[in-house]
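Heads up, entry-v7.cif below (mmCIF, C-alpha atoms and all ligand atoms):
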```
data_query
loop_
_atom_site.group_PDB
_atom_site.id
_atom_site.type_symbol
_atom_site.label_atom_id
_atom_site.label_comp_id
_atom_site.auth_asym_id
_atom_site.auth_seq_id
_atom_site.Cartn_x
_atom_site.Cartn_y
_atom_site.Cartn_z
ATOM 1 C CA MET A 1 0.000 0.000 0.000
ATOM 2 C CA SER A 2 1.930 3.026 -1.229
ATOM 3 C CA ASP A 3 -0.575 5.745 -0.214
ATOM 4 C CA PRO A 4 0.897 7.228 2.988
ATOM 5 C CA LYS A 5 -2.620 8.128 4.150
ATOM 6 C CA PHE A 6 -3.815 4.534 3.831
ATOM 7 C CA ILE A 7 -4.840 3.304 7.267
ATOM 8 C CA VAL A 8 -3.550 -0.128 8.215
ATOM 9 C CA LEU A 9 -5.949 -1.626 10.702
ATOM 10 C CA CYS A 10 -3.744 -4.443 11.999
ATOM 11 C CA GLN A 11 -1.542 -2.664 14.579
ATOM 12 C CA PRO A 12 -2.950 0.859 14.840
ATOM 13 C CA ASP A 13 -1.538 1.899 18.236
ATOM 14 C CA LYS A 14 -0.300 0.698 21.612
ATOM 15 C CA GLY A 15 -3.813 0.072 22.963
ATOM 16 C CA LYS A 16 -4.985 -2.790 20.738
ATOM 17 C CA SER A 17 -4.414 -4.767 17.547
ATOM 18 C CA CYS A 18 -5.973 -7.487 15.444
ATOM 19 C CA GLY A 19 -4.921 -11.082 14.773
ATOM 20 C CA ALA A 20 -8.056 -12.351 13.077
ATOM 21 C CA CYS A 21 -6.403 -13.479 9.837
ATOM 22 C CA CYS A 22 -3.872 -15.521 11.849
ATOM 23 C CA GLY A 23 -6.838 -17.602 13.039
ATOM 24 C CA LEU A 24 -7.391 -15.852 16.380
ATOM 25 C CA TYR A 25 -11.147 -16.457 16.524
ATOM 26 C CA ASN A 26 -11.163 -19.798 14.735
ATOM 27 C CA TYR A 27 -10.799 -22.031 17.767
ATOM 28 C CA VAL A 28 -13.903 -23.902 18.883
ATOM 29 C CA ASP A 29 -13.433 -22.116 22.186
ATOM 30 C CA SER A 30 -12.636 -18.558 21.119
ATOM 31 C CA SER A 31 -13.858 -16.942 24.313
ATOM 32 C CA ARG A 32 -11.780 -14.097 25.682
ATOM 33 C CA SER A 33 -10.559 -16.075 28.701
ATOM 34 C CA SER A 34 -9.534 -19.062 26.602
ATOM 35 C CA LEU A 35 -7.682 -16.931 24.028
ATOM 36 C CA GLU A 36 -5.963 -14.918 26.755
ATOM 37 C CA GLN A 37 -4.664 -18.096 28.356
ATOM 38 C CA ARG A 38 -3.561 -19.503 24.999
ATOM 39 C CA LEU A 39 -1.711 -16.359 23.911
ATOM 40 C CA ARG A 40 -0.119 -15.856 27.325
ATOM 41 C CA SER A 41 1.323 -19.390 27.388
ATOM 42 C CA ARG A 42 2.622 -19.065 23.840
ATOM 43 C CA THR A 43 4.328 -15.770 24.516
ATOM 44 C CA LYS A 44 6.032 -17.155 27.608
ATOM 45 C CA ARG A 45 7.138 -20.296 25.741
ATOM 46 C CA PHE A 46 8.358 -18.263 22.779
ATOM 47 C CA ARG A 47 10.391 -15.901 24.958
ATOM 48 C CA GLU A 48 12.016 -18.880 26.682
ATOM 49 C CA LEU A 49 12.749 -20.996 23.630
ATOM 50 C CA ALA A 50 13.187 -18.704 20.663
ATOM 51 C CA GLN A 51 16.151 -16.776 21.978
ATOM 52 C CA ASN A 52 17.896 -19.177 19.680
ATOM 53 C CA PRO A 53 16.368 -19.158 16.152
ATOM 54 C CA HIS A 54 17.138 -22.877 15.881
ATOM 55 C CA HIS A 55 14.646 -23.490 18.674
ATOM 56 C CA VAL A 56 11.690 -21.918 16.893
ATOM 57 C CA GLU A 57 10.589 -25.294 15.576
ATOM 58 C CA LEU A 58 10.804 -26.684 19.091
ATOM 59 C CA TYR A 59 8.486 -23.857 20.154
ATOM 60 C CA SER A 60 6.097 -24.892 17.387
ATOM 61 C CA SER A 61 6.019 -28.579 18.291
ATOM 62 C CA GLU A 62 5.608 -27.842 22.005
ATOM 63 C CA THR A 63 2.747 -25.435 21.279
ATOM 64 C CA LEU A 64 0.990 -27.887 18.964
ATOM 65 C CA ALA A 65 1.311 -30.587 21.633
ATOM 66 C CA ALA A 66 0.158 -28.359 24.504
ATOM 67 C CA GLU A 67 -2.949 -26.778 22.951
ATOM 68 C CA ASP A 68 -6.310 -27.888 21.662
ATOM 69 C CA PHE A 69 -6.276 -26.838 17.990
ATOM 70 C CA LYS A 70 -9.872 -27.865 17.223
ATOM 71 C CA LYS A 71 -11.183 -25.294 14.768
ATOM 72 C CA ARG A 72 -14.471 -23.655 13.962
ATOM 73 C CA TYR A 73 -13.703 -23.709 10.225
ATOM 74 C CA ASP A 74 -11.224 -26.315 8.982
ATOM 75 C CA VAL A 75 -10.195 -24.212 5.997
ATOM 76 C CA ILE A 76 -8.899 -21.340 8.140
ATOM 77 C CA TYR A 77 -5.439 -21.919 9.529
ATOM 78 C CA CYS A 78 -4.835 -21.258 13.217
ATOM 79 C CA CYS A 79 -1.260 -20.064 13.467
ATOM 80 C CA GLU A 80 0.700 -21.134 16.522
ATOM 81 C CA TYR A 81 2.917 -18.051 16.300
ATOM 82 C CA LEU A 82 0.222 -15.577 17.305
ATOM 83 C CA GLY A 83 0.862 -14.248 20.811
ATOM 84 C CA PHE A 84 0.935 -11.107 22.890
ATOM 85 C CA LEU A 85 3.392 -8.469 21.714
ATOM 86 C CA ASP A 86 3.601 -6.441 24.922
ATOM 87 C CA SER A 87 3.910 -7.234 28.610
ATOM 88 C CA GLU A 88 0.545 -5.555 29.335
ATOM 89 C CA GLU A 89 -1.178 -7.985 26.916
ATOM 90 C CA LYS A 90 -2.906 -5.196 25.008
ATOM 91 C CA ARG A 91 -1.668 -6.153 21.554
ATOM 92 C CA VAL A 92 -1.935 -9.505 19.811
ATOM 93 C CA GLY A 93 0.382 -10.187 16.903
ATOM 94 C CA CYS A 94 3.103 -12.213 15.304
ATOM 95 C CA LEU A 95 5.823 -13.520 17.593
ATOM 96 C CA LEU A 96 8.029 -14.126 14.540
ATOM 97 C CA HIS A 97 7.913 -10.496 13.402
ATOM 98 C CA PRO A 98 11.297 -8.716 13.283
ATOM 99 C CA GLU A 99 10.122 -6.104 15.818
ATOM 100 C CA GLN A 100 9.777 -8.911 18.313
ATOM 101 C CA ASN A 101 13.144 -10.444 17.536
ATOM 102 C CA PHE A 102 15.773 -7.706 17.440
ATOM 103 C CA GLY A 103 15.247 -7.171 13.721
ATOM 104 C CA VAL A 104 15.349 -10.830 12.711
ATOM 105 C CA ASP A 105 12.361 -11.830 10.571
ATOM 106 C CA MET A 106 11.510 -15.450 11.296
ATOM 107 C CA ARG A 107 8.181 -15.635 9.479
ATOM 108 C CA ASP A 108 9.670 -17.957 6.840
ATOM 109 C CA VAL A 109 9.064 -20.914 9.152
ATOM 110 C CA SER A 110 5.311 -20.223 9.292
ATOM 111 C CA PHE A 111 2.528 -21.946 7.389
ATOM 112 C CA TYR A 112 1.854 -18.961 5.103
ATOM 113 C CA GLY A 113 5.463 -17.838 4.822
ATOM 114 C CA ARG A 114 6.978 -14.384 5.187
ATOM 115 C CA GLU A 115 5.671 -12.799 1.982
ATOM 116 C CA LEU A 116 2.039 -13.723 2.513
ATOM 117 C CA CYS A 117 2.113 -12.765 6.177
ATOM 118 C CA ALA A 118 3.737 -9.398 5.507
ATOM 119 C CA GLY A 119 1.660 -8.471 2.459
ATOM 120 C CA HIS A 120 -1.824 -9.410 3.596
ATOM 121 C CA PHE A 121 -4.521 -6.750 3.890
ATOM 122 C CA CYS A 122 -7.944 -8.208 4.600
ATOM 123 C CA PRO A 123 -11.072 -6.931 2.770
ATOM 124 C CA SER A 124 -11.878 -4.483 5.578
ATOM 125 C CA HIS A 125 -9.032 -2.332 4.283
ATOM 126 C CA HIS A 126 -10.915 -1.913 1.009
ATOM 127 C CA PHE A 127 -14.539 -1.898 2.110
ATOM 128 C CA ILE A 128 -14.577 0.101 5.330
ATOM 129 C CA PRO A 129 -14.184 3.808 4.452
ATOM 130 C CA GLN A 130 -11.090 5.446 5.916
ATOM 131 C CA SER A 131 -13.088 7.801 8.172
ATOM 132 C CA GLN A 132 -14.883 4.799 9.670
ATOM 133 C CA CYS A 133 -11.549 3.001 10.203
ATOM 134 C CA LYS A 134 -10.358 6.064 12.094
ATOM 135 C CA ILE A 135 -13.495 6.027 14.236
ATOM 136 C CA LEU A 136 -13.017 2.363 15.177
ATOM 137 C CA ILE A 137 -9.383 2.972 16.074
ATOM 138 C CA LYS A 138 -10.408 5.961 18.141
ATOM 139 C CA ILE A 139 -13.178 4.351 20.171
ATOM 140 C CA ILE A 140 -12.094 0.719 20.725
ATOM 141 C CA ASP A 141 -9.233 -0.051 23.103
ATOM 142 C CA ASP A 142 -9.585 -3.785 23.599
ATOM 143 C CA TRP A 143 -7.859 -6.294 21.311
ATOM 144 C CA TYR A 144 -10.607 -8.913 21.703
ATOM 145 C CA LEU A 145 -13.406 -6.583 20.619
ATOM 146 C CA TYR A 146 -11.294 -4.672 18.115
ATOM 147 C CA GLY A 147 -10.436 -7.711 15.971
ATOM 148 C CA LEU A 148 -14.048 -8.899 15.946
ATOM 149 C CA VAL A 149 -15.336 -5.486 14.859
ATOM 150 C CA VAL A 150 -12.755 -4.382 12.275
ATOM 151 C CA THR A 151 -13.216 -7.623 10.350
ATOM 152 C CA ASP A 152 -16.997 -7.293 10.251
ATOM 153 C CA ILE A 153 -17.623 -4.962 7.327
ATOM 154 C CA ASP A 154 -21.439 -5.127 7.435
ATOM 155 C CA LEU A 155 -21.617 -4.465 11.166
ATOM 156 C CA VAL A 156 -19.541 -1.317 10.768
ATOM 157 C CA THR A 157 -20.707 0.148 7.474
ATOM 158 C CA HIS A 158 -24.443 -0.419 7.967
ATOM 159 C CA TYR A 159 -24.361 1.258 11.367
ATOM 160 C CA PHE A 160 -22.519 4.348 10.211
ATOM 161 C CA ARG A 161 -24.637 4.514 7.052
ATOM 162 C CA MET A 162 -27.892 4.528 9.023
ATOM 163 C CA ILE A 163 -26.609 7.278 11.300
ATOM 164 C CA ALA A 164 -25.297 9.341 8.368
ATOM 165 C CA ASP A 165 -28.704 9.078 6.662
ATOM 166 C CA ARG A 166 -30.348 10.515 9.756
ATOM 167 C CA ILE A 167 -27.941 13.351 10.517
ATOM 168 C CA GLY A 168 -27.433 14.271 6.865
ATOM 169 C CA SER A 169 -23.655 13.839 6.699
ATOM 170 C CA GLU A 170 -20.900 11.308 7.224
ATOM 171 C CA LEU A 171 -19.642 11.084 10.788
ATOM 172 C CA LYS A 172 -16.242 12.607 11.363
ATOM 173 C CA PRO A 173 -13.798 10.884 13.730
ATOM 174 C CA GLU A 174 -13.520 14.069 15.875
ATOM 175 C CA VAL A 175 -17.193 13.659 16.813
ATOM 176 C CA PHE A 176 -16.108 10.791 19.049
ATOM 177 C CA ASP A 177 -14.145 13.092 21.334
ATOM 178 C CA ASN A 178 -17.586 13.404 22.867
ATOM 179 C CA VAL A 179 -17.762 10.696 25.528
ATOM 180 C CA SER A 180 -21.547 10.201 25.338
ATOM 181 C CA LEU A 181 -21.411 9.555 21.604
ATOM 182 C CA LYS A 182 -18.429 7.269 21.992
ATOM 183 C CA ASN A 183 -20.265 5.246 24.648
ATOM 184 C CA ILE A 184 -23.408 4.881 22.546
ATOM 185 C CA ALA A 185 -21.356 3.584 19.614
ATOM 186 C CA LEU A 186 -19.465 1.253 21.939
ATOM 187 C CA GLU A 187 -22.743 -0.146 23.258
ATOM 188 C CA TYR A 188 -23.550 -1.172 19.691
ATOM 189 C CA PHE A 189 -20.133 -2.629 18.859
ATOM 190 C CA ASN A 190 -19.960 -4.492 22.168
ATOM 191 C CA TRP A 191 -22.964 -6.504 21.038
ATOM 192 C CA LYS A 192 -20.458 -8.404 18.923
ATOM 193 C CA ILE A 193 -19.616 -10.101 22.252
ATOM 194 C CA THR A 194 -22.740 -9.692 24.377
ATOM 195 C CA TRP A 195 -25.609 -9.943 21.861
ATOM 196 C CA PRO A 196 -28.417 -11.822 23.652
ATOM 197 C CA PHE A 197 -29.711 -13.464 20.441
ATOM 198 C CA ARG A 198 -26.361 -14.888 19.441
ATOM 199 C CA SER A 199 -26.425 -18.444 18.086
ATOM 200 C CA LEU A 200 -24.369 -20.741 20.283
ATOM 201 C CA GLU A 201 -23.395 -22.983 17.365
ATOM 202 C CA THR A 202 -19.622 -23.270 17.319
ATOM 203 C CA ASN A 203 -19.396 -23.430 13.530
ATOM 204 C CA ARG A 204 -20.733 -19.911 13.275
ATOM 205 C CA LEU A 205 -18.869 -16.614 13.154
ATOM 206 C CA GLY A 206 -20.723 -13.488 12.092
ATOM 207 C CA LYS A 207 -22.795 -14.122 8.993
ATOM 208 C CA TYR A 208 -20.881 -17.236 7.970
ATOM 209 C CA TYR A 209 -21.317 -20.802 9.054
ATOM 210 C CA PHE A 210 -19.638 -23.973 7.966
ATOM 211 C CA ASP A 211 -21.823 -26.936 7.107
ATOM 212 C CA GLY A 212 -19.018 -29.491 7.199
ATOM 213 C CA SER A 213 -17.892 -29.011 3.607
ATOM 214 C CA GLN A 214 -18.193 -25.364 2.647
ATOM 215 C CA TYR A 215 -18.815 -21.864 3.943
ATOM 216 C CA MET A 216 -22.366 -20.680 3.702
ATOM 217 C CA ILE A 217 -23.907 -17.311 4.381
ATOM 218 C CA SER A 218 -26.400 -17.827 7.142
ATOM 219 C CA TYR A 219 -30.030 -17.008 6.767
ATOM 220 C CA ILE A 220 -32.885 -15.883 8.998
ATOM 221 C CA ASP A 221 -36.209 -17.409 7.999
ATOM 222 C CA TYR A 222 -38.517 -14.414 8.468
ATOM 223 C CA ALA A 223 -41.302 -16.075 6.451
ATOM 224 C CA LYS A 224 -41.561 -18.745 9.127
ATOM 225 C CA TYR A 225 -42.623 -15.985 11.505
ATOM 226 C CA GLY A 226 -44.940 -14.322 8.972
ATOM 227 C CA ARG A 227 -42.641 -11.322 8.629
ATOM 228 C CA GLU A 228 -40.878 -9.329 5.947
ATOM 229 C CA VAL A 229 -37.093 -9.394 5.975
ATOM 230 C CA SER A 230 -35.938 -6.970 8.672
ATOM 231 C CA PRO A 231 -34.213 -3.780 7.507
ATOM 232 C CA LEU A 232 -31.615 -4.736 10.114
ATOM 233 C CA ASN A 233 -31.033 -8.170 8.590
ATOM 234 C CA ALA A 234 -27.364 -7.567 7.676
ATOM 235 C CA ILE A 235 -26.613 -6.459 11.225
ATOM 236 C CA PHE A 236 -28.502 -9.408 12.685
ATOM 237 C CA LEU A 237 -26.402 -11.778 10.570
ATOM 238 C CA SER A 238 -23.182 -10.044 11.614
ATOM 239 C CA LEU A 239 -24.202 -10.595 15.223
ATOM 240 C CA SER A 240 -24.741 -14.342 14.491
ATOM 241 C CA SER A 241 -28.402 -13.997 15.465
ATOM 242 C CA SER A 242 -30.741 -16.884 15.824
ATOM 243 C CA PHE A 243 -34.340 -16.057 16.767
ATOM 244 C CA LYS A 244 -36.861 -18.367 18.361
ATOM 245 C CA ASN A 245 -39.952 -16.299 17.607
ATOM 246 C CA THR A 246 -41.282 -12.983 16.293
ATOM 247 C CA GLN A 247 -41.067 -11.401 19.711
ATOM 248 C CA GLU A 248 -37.318 -11.957 19.805
ATOM 249 C CA ILE A 249 -36.922 -10.332 16.373
ATOM 250 C CA GLU A 250 -38.913 -7.338 17.578
ATOM 251 C CA GLU A 251 -36.844 -7.058 20.766
ATOM 252 C CA ALA A 252 -33.639 -7.182 18.706
ATOM 253 C CA GLU A 253 -34.938 -4.490 16.342
ATOM 254 C CA ILE A 254 -35.866 -2.259 19.268
ATOM 255 C CA MET A 255 -32.368 -2.610 20.759
ATOM 256 C CA ILE A 256 -30.647 -1.502 17.570
ATOM 257 C CA TRP A 257 -33.119 1.218 16.578
ATOM 258 C CA SER A 258 -32.958 2.636 20.120
ATOM 259 C CA ASN A 259 -29.198 2.767 19.971
ATOM 260 C CA ILE A 260 -29.306 4.609 16.645
ATOM 261 C CA GLU A 261 -31.983 7.021 17.851
ATOM 262 C CA ASN A 262 -30.001 7.702 21.049
ATOM 263 C CA PHE A 263 -26.940 8.426 18.981
ATOM 264 C CA VAL A 264 -28.747 10.758 16.609
ATOM 265 C CA SER A 265 -30.486 12.678 19.381
ATOM 266 C CA ALA A 266 -27.236 13.032 21.401
ATOM 267 C CA TYR A 267 -25.469 14.163 18.228
ATOM 268 C CA LYS A 268 -28.082 16.830 17.498
ATOM 269 C CA HIS A 269 -27.947 17.992 21.095
ATOM 270 C CA GLU A 270 -24.169 18.018 21.598
ATOM 271 C CA ILE A 271 -22.559 18.706 18.243
HETATM 272 S S1 LIG B 301 -7.717 -9.535 9.783
HETATM 273 FE FE1 LIG B 301 -7.269 -7.648 8.656
HETATM 274 S S2 LIG B 301 -7.000 -6.066 10.224
HETATM 275 FE FE2 LIG B 301 -6.863 -8.062 11.218
HETATM 276 S S3 LIG B 301 -4.648 -8.504 11.261
HETATM 277 FE FE3 LIG B 301 -5.497 -9.489 9.451
HETATM 278 S S4 LIG B 301 -5.229 -7.994 7.789
HETATM 279 FE FE4 LIG B 301 -4.980 -6.910 9.734
HETATM 280 S S1 LIG B 302 3.423 -16.253 11.093
HETATM 281 FE FE1 LIG B 302 1.922 -15.193 9.805
HETATM 282 S S2 LIG B 302 -0.037 -16.200 10.290
HETATM 283 FE FE2 LIG B 302 1.416 -16.696 11.929
HETATM 284 S S3 LIG B 302 1.079 -15.159 13.510
HETATM 285 FE FE3 LIG B 302 2.750 -14.455 12.185
HETATM 286 S S4 LIG B 302 1.707 -13.131 10.667
HETATM 287 FE FE4 LIG B 302 0.128 -14.416 11.619
#
```
Representation of the structure as structure tokens:
Amino acid sequence: MSDPKFIVLCQPDKGKSCGACCGLYNYVDSSRSSLEQRLRSRTKRFRELAQNPHHVELYSSETLAAEDFKKRYDVIYCCEYLGFLDSEEKRVGCLLHPEQNFGVDMRDVSFYGRELCAGHFCPSHHFIPQSQCKILIKIIDDWYLYGLVVTDIDLVTHYFRMIADRIGSELKPEVFDNVSLKNIALEYFNWKITWPFRSLETNRLGKYYFDGSQYMISYIDYAKYGREVSPLNAIFLSLSSSFKNTQEIEEAEIMIWSNIENFVSAYKHEI
């Protein structure tokens, strides 16, 4: 990416980072506590063993033996070299990266290899507008939530589009200096973790599920409940929703519409 203004979402600042394309959320148990434990053990093992580059493969075999590598989606690789980059455990990232190893780039030993690892920019870099990338970087300071949100294009773009339609302009990142507005947006993005209508199926992440042989885009059967497709359908799919009845769909719609209305009214009042 030669444009100096191009925003790279992966490691934006010292407060958070993303490791989604290294398989971070592809473990059957991808809860925060489980991932924290996994990344902490890896980082400790890596620091102990990989002082000597010849021991990197030993690190790999010990990690593969110590962890449960059962995956949500078989086709997505879960890389054993993803760990914590800082002692405060705020940033996830590649333990083989030269910045972690006194300038020595060890990514050649990885499954994807150095070139692929270094040159990869996921679709969010192309489909989330730059101003919205800046907003996400500004308001989210939690690696677990950050990676889930920045890789969910529909969740982000539909939300900001609906707000822009109501206030008559695109939101500027500076707007989120206002703490009330920041908190309302964070309530919405936090639903990526706390959404009460989330399907508990382990082969499901956002709008995708894996049926044992291929990825499929999931589907909400509104006709079964005698309803039109919800205008919030894309967001519901991003939040891995599964509804038991019409009442649950209505409750979910109220939650999201209320959040948007709260945002718009606070914006008109404060900005
Ligand atoms: S998923 Fe995207 S934002 Fe996250 S680390 Fe990979 S390329 Fe970067
Ligand atoms: S080696 Fe590649 S896939 Fe593995 S953690 Fe590093 S960047 Fe990610």
Subject >> Pick from A:Ser87, A:Ser31, A:Asp13, A:Gln100, whichever lies nearest to ligand LIG 302 (chain B) using all atoms listed in the file >> reply: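 Selected residue with least distance to ligand LIG 302 (chain B): A:Gln100.
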Original post:
Residues within 7 Å of ligand LIG 302 (chain B) (all atoms listed in the file), as a list in words?
Top reply: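 With all atoms listed in the file and a cut-off of 7 Å, ligand LIG 302 (chain B) is contacted by Gly19, Cys21, Cys22, Cys79, Glu80, Tyr81, Leu82, Gly93, Cys94, Leu95, Leu96, His97, Arg107, Ser110, Phe111, Tyr112, Gly113, Arg114, Cys117 and Ala118 of chain A.
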Subject >> Selection as an NGL selection string: residues within 12 Å of ligand LIG 301 (chain B) by only C-alpha atoms and all ligand atoms >> reply: :A and (7-12 or 16-26 or 76 or 82 or 91-94 or 116-128 or 133 or 136-137 or 143-153)
Original post:
What lies within 10 Å of A:Ile217 using only C-alpha atoms, ignoring chain neighbours under 3 positions off, as a PyMOL selection string?
Top reply: chain A and resi 204+206-210+237
Take the PyMOL selection byres (((chain A and resi 63) around 10) and not hetatm), apply it to the structure above, and return the hits as a short mmCIF file (atom, residue, chain, number, x, y, z; two decimals) with C-alpha atoms, in the frame of the given file.
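Result file follows (part.cif):
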```cif
data_model
loop_
_atom_site.label_atom_id
_atom_site.label_comp_id
_atom_site.auth_asym_id
_atom_site.auth_seq_id
_atom_site.Cartn_x
_atom_site.Cartn_y
_atom_site.Cartn_z
CA ARG A 38 -3.56 -19.50 25.00
CA SER A 41 1.32 -19.39 27.39
CA ARG A 42 2.62 -19.07 23.84
CA ARG A 45 7.14 -20.30 25.74
CA PHE A 46 8.36 -18.26 22.78
CA GLU A 57 10.59 -25.29 15.58
CA LEU A 58 10.80 -26.68 19.09
CA TYR A 59 8.49 -23.86 20.15
CA SER A 60 6.10 -24.89 17.39
CA SER A 61 6.02 -28.58 18.29
CA GLU A 62 5.61 -27.84 22.00
CA LEU A 64 0.99 -27.89 18.96
CA ALA A 65 1.31 -30.59 21.63
CA ALA A 66 0.16 -28.36 24.50
CA GLU A 67 -2.95 -26.78 22.95
CA ASP A 68 -6.31 -27.89 21.66
CA PHE A 69 -6.28 -26.84 17.99
CA GLU A 80 0.70 -21.13 16.52
CA TYR A 81 2.92 -18.05 16.30
#
```
Padding of 5 Å on every side, edges along x, y and z, all listed atoms of stretch 131-148 of chain A included: what centre and edge lengths in Å, to one decimal, does that box have, as JSON?
```
{"center_x": -11.4, "center_y": -0.6, "center_z": 15.9, "size_x": 17.0, "size_y": 26.7, "size_z": 25.4}
```
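The spacing separating atom CA of A:Leu181 from atom CA of A:Leu239 amounts to 21.3 Å.
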**OP:** Using the chain letters and numbers from the file, give me the residues hit by the PyMOL selection byres (((chain A and resi 256) around 10) and not hetatm), as a PyMOL selection string.
**Re:** chain A and resi 159+187-188+191+232+235-236+251-255+257-262
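You will find atom CA of A:Asp108 at 28.0 Å from atom CA of A:Asp29.
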Original post:
Taking only C-alpha atoms into account, which of A:Tyr77, A:Phe176, A:Phe6, A:Phe197 comes nearest A:Glu248?
Top reply: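 Of A:Tyr77, A:Phe176, A:Phe6, A:Phe197, the one nearest A:Glu248, counting only C-alpha atoms, is A:Phe197.
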**OP:** Mind giving me the straight-line distance from atom CA of A:Asp154 to atom CA of A:Glu270 in Å, one decimal?
**Re:**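 According to the coordinates, atom CA of A:Asp154 and atom CA of A:Glu270 are separated by 27.3 Å.
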Subject >> Nearest-residue call for A:Pro53, choices A:Asp105, A:Asp141, A:Glu174, A:Glu250, using all atoms listed in the file >> reply: A:Asp105
Original post:
Selected by the PyMOL selection byres (((chain A and resi 222-224) around 10) and not hetatm) in the shown coordinates: which residues, as a PyMOL selection string?
Top reply: chain A and resi 219-221+225-230+233+243+245-246+249
**OP:** Between A:Asn178, A:Thr194, A:Ser240, A:Gln51, single out the one closest to A:Asn101, counting all atoms listed in the file.
**Re:**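 Smallest separation from A:Asn101 among the options: A:Gln51.
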Original post:
Which residue, A:Glu115, A:Tyr73, A:Asp86, A:Lys134, has the smallest gap to A:Lys5 when you use all atoms listed in the file?
Top reply: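 Between A:Glu115, A:Tyr73, A:Asp86, A:Lys134, the residue approaching A:Lys5 most closely is A:Lys134.
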Subject >> Counting only C-alpha atoms, the option among A:Lys90, A:His158, A:Lys138, A:His55 closest to A:Val109 >> reply: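 Looking at the shortest contact to A:Val109, the residue is A:His55.
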Original post:
So which residues touch A:Ile271 within 12 Å, counting all atoms listed in the file, skipping near sequence neighbours fewer than 6 positions away, as a PyMOL selection string?
Top reply: chain A and resi 167+171-172+174-181+263-265
Requested write-out: C-alpha atoms of the selected residues, as a PDB file, in the frame of the given file:
```
ATOM      1  CA  ILE A 167     -27.941  13.351  10.517  1.00  0.00           C
ATOM      2  CA  LEU A 171     -19.642  11.084  10.788  1.00  0.00           C
ATOM      3  CA  LYS A 172     -16.242  12.607  11.363  1.00  0.00           C
ATOM      4  CA  GLU A 174     -13.520  14.069  15.875  1.00  0.00           C
ATOM      5  CA  VAL A 175     -17.193  13.659  16.813  1.00  0.00           C
ATOM      6  CA  PHE A 176     -16.108  10.791  19.049  1.00  0.00           C
ATOM      7  CA  ASP A 177     -14.145  13.092  21.334  1.00  0.00           C
ATOM      8  CA  ASN A 178     -17.586  13.404  22.867  1.00  0.00           C
ATOM      9  CA  VAL A 179     -17.762  10.696  25.528  1.00  0.00           C
ATOM     10  CA  SER A 180     -21.547  10.201  25.338  1.00  0.00           C
ATOM     11  CA  LEU A 181     -21.411   9.555  21.604  1.00  0.00           C
ATOM     12  CA  PHE A 263     -26.940   8.426  18.981  1.00  0.00           C
ATOM     13  CA  VAL A 264     -28.747  10.758  16.609  1.00  0.00           C
ATOM     14  CA  SER A 265     -30.486  12.678  19.381  1.00  0.00           C
TER      15      SER A 265
END
```
